[in-house]
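Below is one structure; the comments refer to it alone.
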Number of protein chains: 2
Amino acid sequence: MADKGLLLVISGFSGAGKGTAVRRLMELHDEYALSISATTRQPRQGEEDGREYFFKTAEQFEDMIRQGELIEYAQYVGNYYGTPKKYVLSQMEAGKNVILEIEIQGALNIRKMFPEAVLIFIMPPDAKELENRLRQRGTESDSVIRARLSRAAQESEFAAQYDYIVVNDTVDNCVASIQHIAESEKQRAPRRLDAIMQIREELKVYSEGEN
Amino acid sequence: MADKGLLLVISGFSGAGKGTAVRRLMELHDEYALSISATTRQPRQGEEDGREYFFKTAEQFEDMIRQGELIEYAQYVGNYYGTPKKYVLSQMEAGKNVILEIEIQGALNIRKMFPEAVLIFIMPPDAKELENRLRQRGTESDSVIRARLSRAAQESEFAAQYDYIVVNDTVDNCVASIQHIAESEKQRAPRRLDAIMQIREELKVYSEGEN
């Protein structure tokens with residue numbers, strides 16, 4: 001009897017390293033399942049349809065909205081991003097912790113629909129390190145990098161609304177933190193009511209005849 | 001600059017193995033400090049004053065109450081139990097996670113005074129295992145064991161009020177769970193507001209001139 005999996009929503013500034021951390025987590029632990037988002041943005045170099053994202057036209061995406069196939073969707077820098085519903089629910093039911101790596105607007109939308117979702121915000125150690133990582137990626141122009149840093153400044157306003165703030169100093173530490181958060185969240189009392197009820201039943205036999 | 005330590009309140013049925021788990025945790029990790037309770041109950045075989053408890057007379061204990069030297073105190077099976085204040089606060093300030101191993105009434109009292117305390121309830125895998133552990137201890141009569149099991153039945157009503165339920169199947173798993181809970185709790189957003197504010201300040205420079 002597998003316990004139901006968690007819904008782990010992971011956000012962070014562009015360049016905070018959340019993509020790398022999530023990939024490593026998936027490699028190391030098979031109790032996680034990665035939800036792949038749909039988007040209308042253009043693929044970056046090396047990205048494949050169905051691996052990083054399901055790449056959709058605006059018409060296709062709007063059709064998914066109308067058919068109720070998305071848990072949430074949001075617009076971000078002029079493109080649609082959304083979370084297909086079916087995969088997330090079936091994997092959670094099978095006991096997998098489903099990871100959604102989505103941006104802030106989407107994450108806060110998820111919380112409204114799934115109050116039990118666990119929201120994790122990944123931060124770089126400091127702003128300078130964030131800038132370095134964006135520049136090292138080498139895929140974006142200077143103006144795009146500046147726009148992302150400016151966006152990070154705005155996004156930082158929302159970090160306090162997440163459940164956890166994980167500082168990504170090294171990938172290994174970041175992955176361990178996410179994993180420990182997931183383990184601990186599974187032990188939160190509201191998720192253990194079954195176990196409590198079970199031992200209460202078992203213990204009843206000992207209290208009969210007393211009092 | 002050490003972050004302030006957590007206050008970890010650990011309870012569980014008599015015989016759930018919390019004492020063993022806490023001792024192991026203390027041996028393995030020096031970021032924890034164990035708060036030693038004061039009590040008026042008689043020492044068990046092998047217990048030493050100042051190690052398991054500060055053993056006090058009822059008169060001494062009531063004097064500590066009057067002097068305001070206790071964070072909380074409660075009566076349990078006809079004896080006083082209480083938590084001396086000074087040690088707890090100074091260790092937390094020094095960055096240690098302070099562990100209070102106390103019974104339920106005391107734990108729920110602590111929560112009223114320290115809403116940020118993390119309450120962990122240790123459970124045996126099942127009632128039969130609890131009975132086995134109590135019998136193996138070999139220090140108590142059959143009637144005391146039955147009284148403890150009956151008490152466990154009553155106490156199980158309160159488990160859901162704790163933050164976490166940890167099933168003590170093996171000592172190693174139990175210790176790892178407590179440690180991961182402590183790590184994760186330190187990353188909860190309300191405890192990371194300083195880090196959020198710091199990066200917000202640093203990022204401001206990038207958003208100036210935009211918008």
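If you're wondering about the labels, chains in the structure tokens are A, B, ... by order shown, residues count from 1 in each chain, ligands from 1 in order shown.
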Could you list the residues in chain B lying within 9 Å of chain A, using only C-alpha atoms, and format the result as an mmCIF file with N, CA and C atoms, in the first residue's frame?
```
data_model
loop_
_atom_site.group_PDB
_atom_site.id
_atom_site.type_symbol
_atom_site.label_atom_id
_atom_site.label_comp_id
_atom_site.auth_asym_id
_atom_site.auth_seq_id
_atom_site.Cartn_x
_atom_site.Cartn_y
_atom_site.Cartn_z
ATOM 1 N N ILE B 120 7.538 16.853 17.743
ATOM 2 C CA ILE B 120 7.694 15.553 17.079
ATOM 3 C C ILE B 120 7.175 14.461 17.994
ATOM 4 N N PHE B 121 6.286 13.639 17.451
ATOM 5 C CA PHE B 121 5.733 12.532 18.235
ATOM 6 C C PHE B 121 6.304 11.230 17.697
ATOM 7 N N MET B 123 6.330 7.273 17.457
ATOM 8 C CA MET B 123 5.417 6.140 17.634
ATOM 9 C C MET B 123 6.136 4.827 17.352
ATOM 10 N N PRO B 124 5.754 3.767 18.046
ATOM 11 C CA PRO B 124 6.251 2.438 17.663
ATOM 12 C C PRO B 124 5.496 2.010 16.393
ATOM 13 N N PRO B 125 6.013 1.005 15.682
ATOM 14 C CA PRO B 125 5.325 0.563 14.464
ATOM 15 C C PRO B 125 3.903 0.083 14.745
ATOM 16 N N ASP B 126 3.701 -0.578 15.889
ATOM 17 C CA ASP B 126 2.346 -0.998 16.253
ATOM 18 C C ASP B 126 2.280 -1.262 17.760
ATOM 19 N N ALA B 127 1.092 -1.558 18.245
ATOM 20 C CA ALA B 127 0.867 -1.680 19.686
ATOM 21 C C ALA B 127 1.592 -2.898 20.267
ATOM 22 N N LYS B 128 1.632 -3.973 19.496
ATOM 23 C CA LYS B 128 2.295 -5.202 19.964
ATOM 24 C C LYS B 128 3.780 -4.929 20.220
ATOM 25 N N ARG B 146 0.952 -2.509 32.094
ATOM 26 C CA ARG B 146 -0.440 -2.352 31.642
ATOM 27 C C ARG B 146 -0.891 -0.901 31.800
ATOM 28 N N ALA B 147 -0.466 -0.269 32.887
ATOM 29 C CA ALA B 147 -0.842 1.134 33.095
ATOM 30 C C ALA B 147 -0.230 2.015 32.003
ATOM 31 N N LEU B 149 0.544 1.088 28.920
ATOM 32 C CA LEU B 149 -0.166 0.841 27.656
ATOM 33 C C LEU B 149 -1.526 1.539 27.652
ATOM 34 N N SER B 150 -2.160 1.496 28.791
ATOM 35 C CA SER B 150 -3.444 2.184 28.900
ATOM 36 C C SER B 150 -3.258 3.693 28.734
ATOM 37 N N ARG B 151 -2.186 4.180 29.349
ATOM 38 C CA ARG B 151 -1.847 5.596 29.203
ATOM 39 C C ARG B 151 -1.556 5.929 27.732
ATOM 40 N N ALA B 152 -0.856 5.023 27.034
ATOM 41 C CA ALA B 152 -0.559 5.244 25.610
ATOM 42 C C ALA B 152 -1.846 5.378 24.815
ATOM 43 N N ALA B 153 -2.828 4.555 25.154
ATOM 44 C CA ALA B 153 -4.115 4.637 24.451
ATOM 45 C C ALA B 153 -4.708 6.036 24.599
ATOM 46 N N GLN B 154 -4.617 6.586 25.824
ATOM 47 C CA GLN B 154 -5.139 7.951 26.029
ATOM 48 C C GLN B 154 -4.282 8.976 25.301
ATOM 49 N N SER B 156 -2.550 8.677 22.661
ATOM 50 C CA SER B 156 -2.642 8.648 21.197
ATOM 51 C C SER B 156 -3.667 9.659 20.680
ATOM 52 N N GLU B 157 -4.577 10.064 21.552
ATOM 53 C CA GLU B 157 -5.557 11.082 21.158
ATOM 54 C C GLU B 157 -4.896 12.418 20.813
ATOM 55 N N ALA B 159 -1.708 12.806 19.537
ATOM 56 C CA ALA B 159 -0.607 12.743 18.559
ATOM 57 C C ALA B 159 -0.840 13.683 17.372
ATOM 58 N N ALA B 160 -2.094 13.784 16.949
ATOM 59 C CA ALA B 160 -2.394 14.594 15.758
ATOM 60 C C ALA B 160 -2.126 16.077 15.988
ATOM 61 N N GLN B 161 -1.949 16.486 17.259
ATOM 62 C CA GLN B 161 -1.658 17.901 17.520
ATOM 63 C C GLN B 161 -0.171 18.216 17.362
ATOM 64 N N TYR B 162 0.643 17.196 17.177
ATOM 65 C CA TYR B 162 2.069 17.425 16.948
ATOM 66 C C TYR B 162 2.300 17.841 15.499
ATOM 67 N N ASP B 163 3.496 18.379 15.216
ATOM 68 C CA ASP B 163 3.812 18.753 13.840
ATOM 69 C C ASP B 163 4.167 17.531 13.006
ATOM 70 N N TYR B 164 4.915 16.613 13.608
ATOM 71 C CA TYR B 164 5.403 15.445 12.876
ATOM 72 C C TYR B 164 5.143 14.177 13.674
ATOM 73 N N ILE B 165 4.866 13.106 12.946
ATOM 74 C CA ILE B 165 4.736 11.771 13.523
ATOM 75 C C ILE B 165 5.862 10.933 12.932
ATOM 76 N N VAL B 166 6.784 10.492 13.778
ATOM 77 C CA VAL B 166 7.888 9.661 13.302
ATOM 78 C C VAL B 166 7.690 8.248 13.848
ATOM 79 N N VAL B 167 7.621 7.289 12.945
ATOM 80 C CA VAL B 167 7.496 5.891 13.376
ATOM 81 C C VAL B 167 8.888 5.343 13.620
ATOM 82 N N SER B 177 15.334 10.638 10.621
ATOM 83 C CA SER B 177 14.110 11.420 10.436
ATOM 84 C C SER B 177 14.136 12.701 11.255
ATOM 85 N N ILE B 178 14.542 12.583 12.508
ATOM 86 C CA ILE B 178 14.577 13.774 13.363
ATOM 87 C C ILE B 178 15.555 14.794 12.776
ATOM 88 N N HIS B 180 16.523 15.141 9.649
ATOM 89 C CA HIS B 180 16.017 15.733 8.413
ATOM 90 C C HIS B 180 14.900 16.729 8.696
ATOM 91 N N ILE B 181 14.102 16.425 9.691
ATOM 92 C CA ILE B 181 13.067 17.380 10.079
ATOM 93 C C ILE B 181 13.711 18.682 10.553
ATOM 94 N N ALA B 182 14.756 18.562 11.365
ATOM 95 C CA ALA B 182 15.424 19.767 11.868
ATOM 96 C C ALA B 182 16.020 20.576 10.716
ATOM 97 N N GLU B 183 16.724 19.895 9.810
ATOM 98 C CA GLU B 183 17.295 20.581 8.637
ATOM 99 C C GLU B 183 16.220 21.298 7.831
ATOM 100 N N SER B 184 15.140 20.574 7.565
ATOM 101 C CA SER B 184 14.077 21.133 6.736
ATOM 102 C C SER B 184 13.405 22.306 7.426
ATOM 103 N N GLU B 185 13.173 22.163 8.724
ATOM 104 C CA GLU B 185 12.524 23.249 9.452
ATOM 105 C C GLU B 185 13.360 24.528 9.407
ATOM 106 N N LYS B 186 14.674 24.358 9.385
ATOM 107 C CA LYS B 186 15.535 25.550 9.316
ATOM 108 C C LYS B 186 15.384 26.267 7.978
ATOM 109 N N GLN B 187 14.897 25.542 6.971
ATOM 110 C CA GLN B 187 14.711 26.148 5.652
ATOM 111 C C GLN B 187 13.294 26.651 5.421
ATOM 112 N N ARG B 188 12.441 26.548 6.434
ATOM 113 C CA ARG B 188 11.089 27.102 6.293
ATOM 114 C C ARG B 188 11.180 28.604 6.081
ATOM 115 N N ALA B 189 10.335 29.089 5.188
ATOM 116 C CA ALA B 189 10.422 30.491 4.785
ATOM 117 C C ALA B 189 10.424 31.475 5.969
ATOM 118 N N PRO B 190 9.563 31.288 6.967
ATOM 119 C CA PRO B 190 9.575 32.281 8.053
ATOM 120 C C PRO B 190 10.924 32.353 8.780
ATOM 121 N N ARG B 191 11.715 31.278 8.706
ATOM 122 C CA ARG B 191 13.044 31.299 9.334
ATOM 123 C C ARG B 191 14.114 31.797 8.362
ATOM 124 N N ARG B 192 13.771 32.067 7.104
ATOM 125 C CA ARG B 192 14.756 32.512 6.126
ATOM 126 C C ARG B 192 14.511 33.929 5.650
ATOM 127 N N LEU B 193 13.742 34.673 6.403
ATOM 128 C CA LEU B 193 13.400 36.025 5.933
ATOM 129 C C LEU B 193 14.642 36.898 5.782
ATOM 130 N N ALA B 195 17.616 35.940 4.738
ATOM 131 C CA ALA B 195 18.249 35.612 3.464
ATOM 132 C C ALA B 195 17.463 36.214 2.296
ATOM 133 N N ILE B 196 16.138 36.177 2.423
ATOM 134 C CA ILE B 196 15.306 36.767 1.359
ATOM 135 C C ILE B 196 15.546 38.268 1.270
ATOM 136 N N MET B 197 15.561 38.928 2.421
ATOM 137 C CA MET B 197 15.754 40.382 2.432
ATOM 138 C C MET B 197 17.120 40.745 1.863
ATOM 139 N N GLN B 198 18.110 39.912 2.181
ATOM 140 C CA GLN B 198 19.465 40.223 1.724
ATOM 141 C C GLN B 198 19.566 40.180 0.203
ATOM 142 N N ILE B 199 19.029 39.126 -0.410
ATOM 143 C CA ILE B 199 19.151 39.039 -1.869
ATOM 144 C C ILE B 199 18.241 40.064 -2.548
ATOM 145 N N ARG B 200 17.146 40.410 -1.912
ATOM 146 C CA ARG B 200 16.302 41.479 -2.469
ATOM 147 C C ARG B 200 17.087 42.785 -2.560
ATOM 148 N N GLU B 201 17.816 43.069 -1.483
ATOM 149 C CA GLU B 201 18.644 44.281 -1.482
ATOM 150 C C GLU B 201 19.680 44.230 -2.598
ATOM 151 N N GLU B 202 20.358 43.081 -2.700
ATOM 152 C CA GLU B 202 21.419 42.937 -3.697
ATOM 153 C C GLU B 202 20.885 43.054 -5.117
ATOM 154 N N LEU B 203 19.659 42.554 -5.328
ATOM 155 C CA LEU B 203 19.093 42.541 -6.690
ATOM 156 C C LEU B 203 18.553 43.908 -7.098
ATOM 157 N N LYS B 204 18.350 44.786 -6.116
ATOM 158 C CA LYS B 204 17.759 46.098 -6.428
ATOM 159 C C LYS B 204 18.527 46.827 -7.516
ATOM 160 N N VAL B 205 19.839 46.689 -7.466
ATOM 161 C CA VAL B 205 20.676 47.411 -8.410
ATOM 162 C C VAL B 205 20.340 47.044 -9.860
ATOM 163 N N TYR B 206 19.859 45.797 -10.048
ATOM 164 C CA TYR B 206 19.554 45.371 -11.429
ATOM 165 C C TYR B 206 18.223 45.883 -11.919
ATOM 166 N N SER B 207 17.327 46.202 -10.994
ATOM 167 C CA SER B 207 16.027 46.649 -11.464
ATOM 168 C C SER B 207 15.950 48.155 -11.593
ATOM 169 N N GLU B 208 16.963 48.850 -11.072
ATOM 170 C CA GLU B 208 16.954 50.308 -11.237
ATOM 171 C C GLU B 208 17.185 50.643 -12.707
ATOM 172 N N GLU B 210 15.100 50.089 -14.920
ATOM 173 C CA GLU B 210 14.048 49.386 -15.684
ATOM 174 C C GLU B 210 12.683 49.939 -15.259
#
```
Enumerate as a JSON list (two decimals) with C-alpha atoms, in the first residue's frame all residues of region 29-63 of chain A assigned to strand (DSSP E or B) by DSSP on the backbone, naming them with the chain letters and numbers the document uses.
```json
[["chain", "number", "residue", "atom", "x", "y", "z"],
["A", 32, "TYR", "CA", 10.11, 11.23, -7.86],
["A", 33, "ALA", "CA", 8.28, 11.92, -11.10],
["A", 34, "LEU", "CA", 8.83, 15.08, -13.11],
["A", 37, "SER", "CA", 5.03, 21.62, -18.58],
["A", 38, "ALA", "CA", 3.46, 22.73, -21.81],
["A", 39, "THR", "CA", 4.65, 26.05, -23.21],
["A", 49, "ASP", "CA", 9.74, 18.34, -27.21],
["A", 53, "TYR", "CA", 8.63, 20.94, -22.31],
["A", 54, "PHE", "CA", 5.76, 20.04, -24.55],
["A", 55, "PHE", "CA", 6.18, 22.80, -27.10]]
```
Checklist entry - Which distance in Å separates CA of Gly106 (chain B) and CA of Leu7 (chain B), to one decimal? => result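 CA of Leu7 (chain B) lies at a distance of 13.5 Å from CA of Gly106 (chain B).
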Next on the checklist: Please return, as an MDAnalysis selection string, all residues of region 33-153 of chain A that DSSP assigns to helix (DSSP H, G or I) on the basis of the backbone.
Outcome noted: chainID A and resid 58:66 85:93 104:113 127:137 142:153
File of the preceding selection, N, CA and C atoms, as a compact mmCIF listing (two decimals), in the first residue's frame:
```txt
# COMPACT_ATOMS: atom_id res chain seq x y z
N ALA A 58 0.28 28.71 -29.79
CA ALA A 58 -0.71 29.40 -28.95
C ALA A 58 -2.09 28.78 -29.17
N GLU A 59 -2.40 28.38 -30.40
CA GLU A 59 -3.72 27.79 -30.69
C GLU A 59 -3.87 26.45 -29.96
N GLN A 60 -2.83 25.63 -30.02
CA GLN A 60 -2.88 24.34 -29.32
C GLN A 60 -3.04 24.54 -27.82
N PHE A 61 -2.28 25.49 -27.29
CA PHE A 61 -2.31 25.73 -25.85
C PHE A 61 -3.70 26.19 -25.42
N GLU A 62 -4.26 27.11 -26.19
CA GLU A 62 -5.59 27.63 -25.82
C GLU A 62 -6.65 26.54 -25.92
N ASP A 63 -6.42 25.60 -26.79
CA ASP A 63 -7.32 24.45 -26.88
C ASP A 63 -7.23 23.59 -25.60
N MET A 64 -6.00 23.38 -25.11
CA MET A 64 -5.83 22.62 -23.86
C MET A 64 -6.55 23.33 -22.70
N ILE A 65 -6.45 24.64 -22.67
CA ILE A 65 -7.16 25.40 -21.63
C ILE A 65 -8.66 25.11 -21.70
N ARG A 66 -9.20 25.21 -22.93
CA ARG A 66 -10.65 25.02 -23.10
C ARG A 66 -11.09 23.61 -22.72
N LYS A 85 -2.71 18.00 -16.43
CA LYS A 85 -3.31 17.48 -15.21
C LYS A 85 -3.15 15.97 -15.00
N LYS A 86 -3.36 15.22 -16.07
CA LYS A 86 -3.53 13.77 -15.94
C LYS A 86 -2.29 13.10 -15.35
N TYR A 87 -1.12 13.45 -15.86
CA TYR A 87 0.12 12.83 -15.41
C TYR A 87 0.36 13.08 -13.92
N VAL A 88 0.16 14.32 -13.50
CA VAL A 88 0.41 14.69 -12.10
C VAL A 88 -0.45 13.85 -11.15
N LEU A 89 -1.74 13.77 -11.44
CA LEU A 89 -2.64 13.07 -10.52
C LEU A 89 -2.36 11.57 -10.49
N SER A 90 -2.08 10.99 -11.64
CA SER A 90 -1.87 9.53 -11.67
C SER A 90 -0.56 9.16 -10.96
N GLN A 91 0.47 9.96 -11.12
CA GLN A 91 1.75 9.67 -10.46
C GLN A 91 1.64 9.82 -8.94
N MET A 92 0.95 10.86 -8.48
CA MET A 92 0.76 11.03 -7.03
C MET A 92 0.00 9.83 -6.46
N GLU A 93 -1.01 9.40 -7.18
CA GLU A 93 -1.81 8.25 -6.73
C GLU A 93 -0.95 7.00 -6.62
N ILE A 104 6.72 31.58 -10.57
CA ILE A 104 6.02 31.96 -9.35
C ILE A 104 4.51 32.08 -9.50
N GLN A 105 4.09 32.72 -10.58
CA GLN A 105 2.65 32.91 -10.76
C GLN A 105 1.95 31.55 -10.79
N GLY A 106 2.53 30.61 -11.53
CA GLY A 106 1.98 29.26 -11.60
C GLY A 106 1.99 28.57 -10.25
N ALA A 107 3.09 28.73 -9.51
CA ALA A 107 3.23 28.07 -8.21
C ALA A 107 2.14 28.55 -7.25
N LEU A 108 1.92 29.85 -7.24
CA LEU A 108 0.91 30.38 -6.31
C LEU A 108 -0.49 29.99 -6.77
N ASN A 109 -0.68 29.80 -8.08
CA ASN A 109 -1.95 29.26 -8.56
C ASN A 109 -2.16 27.81 -8.10
N ILE A 110 -1.07 27.03 -8.15
CA ILE A 110 -1.15 25.63 -7.71
C ILE A 110 -1.59 25.57 -6.24
N ARG A 111 -1.01 26.44 -5.43
CA ARG A 111 -1.36 26.39 -4.01
C ARG A 111 -2.85 26.59 -3.78
N LYS A 112 -3.47 27.44 -4.61
CA LYS A 112 -4.92 27.66 -4.44
C LYS A 112 -5.69 26.38 -4.72
N MET A 113 -5.23 25.60 -5.73
CA MET A 113 -5.96 24.40 -6.11
C MET A 113 -5.57 23.20 -5.25
N ALA A 127 23.38 37.62 -5.21
CA ALA A 127 23.02 38.16 -6.53
C ALA A 127 24.17 38.06 -7.52
N LYS A 128 25.38 38.26 -7.04
CA LYS A 128 26.56 38.18 -7.92
C LYS A 128 26.67 36.79 -8.54
N GLU A 129 26.47 35.77 -7.70
CA GLU A 129 26.52 34.38 -8.16
C GLU A 129 25.42 34.12 -9.19
N LEU A 130 24.28 34.71 -8.98
CA LEU A 130 23.19 34.55 -9.95
C LEU A 130 23.60 35.12 -11.31
N GLU A 131 24.18 36.31 -11.28
CA GLU A 131 24.63 36.94 -12.53
C GLU A 131 25.69 36.06 -13.20
N ASN A 132 26.64 35.56 -12.42
CA ASN A 132 27.68 34.68 -12.99
C ASN A 132 27.07 33.46 -13.67
N ARG A 133 26.11 32.85 -13.00
CA ARG A 133 25.53 31.63 -13.58
C ARG A 133 24.79 31.93 -14.88
N LEU A 134 24.09 33.04 -14.90
CA LEU A 134 23.37 33.41 -16.13
C LEU A 134 24.36 33.66 -17.28
N ARG A 135 25.49 34.30 -16.95
CA ARG A 135 26.47 34.60 -18.00
C ARG A 135 27.15 33.32 -18.47
N GLN A 136 27.45 32.41 -17.52
CA GLN A 136 28.10 31.16 -17.91
C GLN A 136 27.24 30.30 -18.82
N ARG A 137 25.92 30.44 -18.70
CA ARG A 137 25.04 29.63 -19.53
C ARG A 137 25.31 29.93 -21.01
N ASP A 142 23.21 39.93 -23.49
CA ASP A 142 23.35 40.77 -22.31
C ASP A 142 22.02 41.39 -21.88
N SER A 143 21.25 41.82 -22.86
CA SER A 143 20.00 42.49 -22.50
C SER A 143 19.01 41.48 -21.89
N VAL A 144 19.03 40.24 -22.39
CA VAL A 144 18.16 39.22 -21.80
C VAL A 144 18.61 38.91 -20.37
N ILE A 145 19.92 38.85 -20.16
CA ILE A 145 20.44 38.59 -18.82
C ILE A 145 20.02 39.71 -17.86
N ARG A 146 20.13 40.93 -18.32
CA ARG A 146 19.71 42.05 -17.46
C ARG A 146 18.22 41.98 -17.16
N ALA A 147 17.46 41.57 -18.18
CA ALA A 147 16.01 41.46 -17.97
C ALA A 147 15.71 40.37 -16.95
N ARG A 148 16.48 39.27 -17.00
CA ARG A 148 16.25 38.18 -16.05
C ARG A 148 16.61 38.61 -14.62
N LEU A 149 17.68 39.37 -14.50
CA LEU A 149 18.08 39.85 -13.16
C LEU A 149 17.05 40.84 -12.62
N SER A 150 16.55 41.66 -13.50
CA SER A 150 15.52 42.61 -13.09
C SER A 150 14.26 41.86 -12.67
N ARG A 151 13.94 40.84 -13.44
CA ARG A 151 12.80 39.99 -13.11
C ARG A 151 13.02 39.30 -11.74
N ALA A 152 14.25 38.84 -11.50
CA ALA A 152 14.55 38.20 -10.21
C ALA A 152 14.29 39.16 -9.05
N ALA A 153 14.66 40.43 -9.27
CA ALA A 153 14.41 41.43 -8.23
C ALA A 153 12.92 41.50 -7.90
```
Checklist entry - Which distance in Å separates CA of Tyr81 (chain B) and CA of Lys18 (chain B), to one decimal? => result 16.8 Å
Checklist entry - At what distance in Å, to one decimal, does CA of Thr139 (chain B) lie from CA of Arg44 (chain B)? => result 8.1 Å
Checklist entry - Which residue out of A:Lys4, A:Pro43, A:Ile99, A:Glu69 has the minimum interatomic distance to Val22 (chain A) when only C-alpha atoms are used? => result A:Ile99
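Among the candidates A:Ile102, A:Asn97, A:Asp194, A:Ser141, the residue lying nearest to His29 (chain A) is A:Asn97 (atoms considered: only C-alpha atoms).
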Which residues are close to Asp172 (chain A), i.e. within 10 Å by only C-alpha atoms, leaving aside same-chain residues fewer than 5 positions away? Reply as an mmCIF file with N, CA and C atoms, in the first residue's frame.
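Printed below is part_4.cif as written:
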```cif
data_model
loop_
_atom_site.group_PDB
_atom_site.id
_atom_site.type_symbol
_atom_site.label_atom_id
_atom_site.label_comp_id
_atom_site.auth_asym_id
_atom_site.auth_seq_id
_atom_site.Cartn_x
_atom_site.Cartn_y
_atom_site.Cartn_z
ATOM 1 N N ALA A 21 19.402 20.923 -10.403
ATOM 2 C CA ALA A 21 19.092 20.220 -9.152
ATOM 3 C C ALA A 21 17.978 19.200 -9.373
ATOM 4 N N ARG A 24 19.241 16.150 -11.273
ATOM 5 C CA ARG A 24 20.054 15.287 -10.411
ATOM 6 C C ARG A 24 19.164 14.473 -9.464
ATOM 7 N N LEU A 25 18.177 15.138 -8.897
ATOM 8 C CA LEU A 25 17.242 14.455 -7.991
ATOM 9 C C LEU A 25 16.558 13.293 -8.697
ATOM 10 N N SER A 177 18.692 18.724 0.280
ATOM 11 C CA SER A 177 17.678 19.530 0.973
ATOM 12 C C SER A 177 16.282 19.212 0.461
#
```
Checklist entry - So, counting only C-alpha atoms, which residue among A:Ile122, A:Thr40, A:Gly50, A:Ala74 is closest to Val171 (chain A)? => result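 Nearest candidate to Val171 (chain A) out of A:Ile122, A:Thr40, A:Gly50, A:Ala74: A:Ile122.
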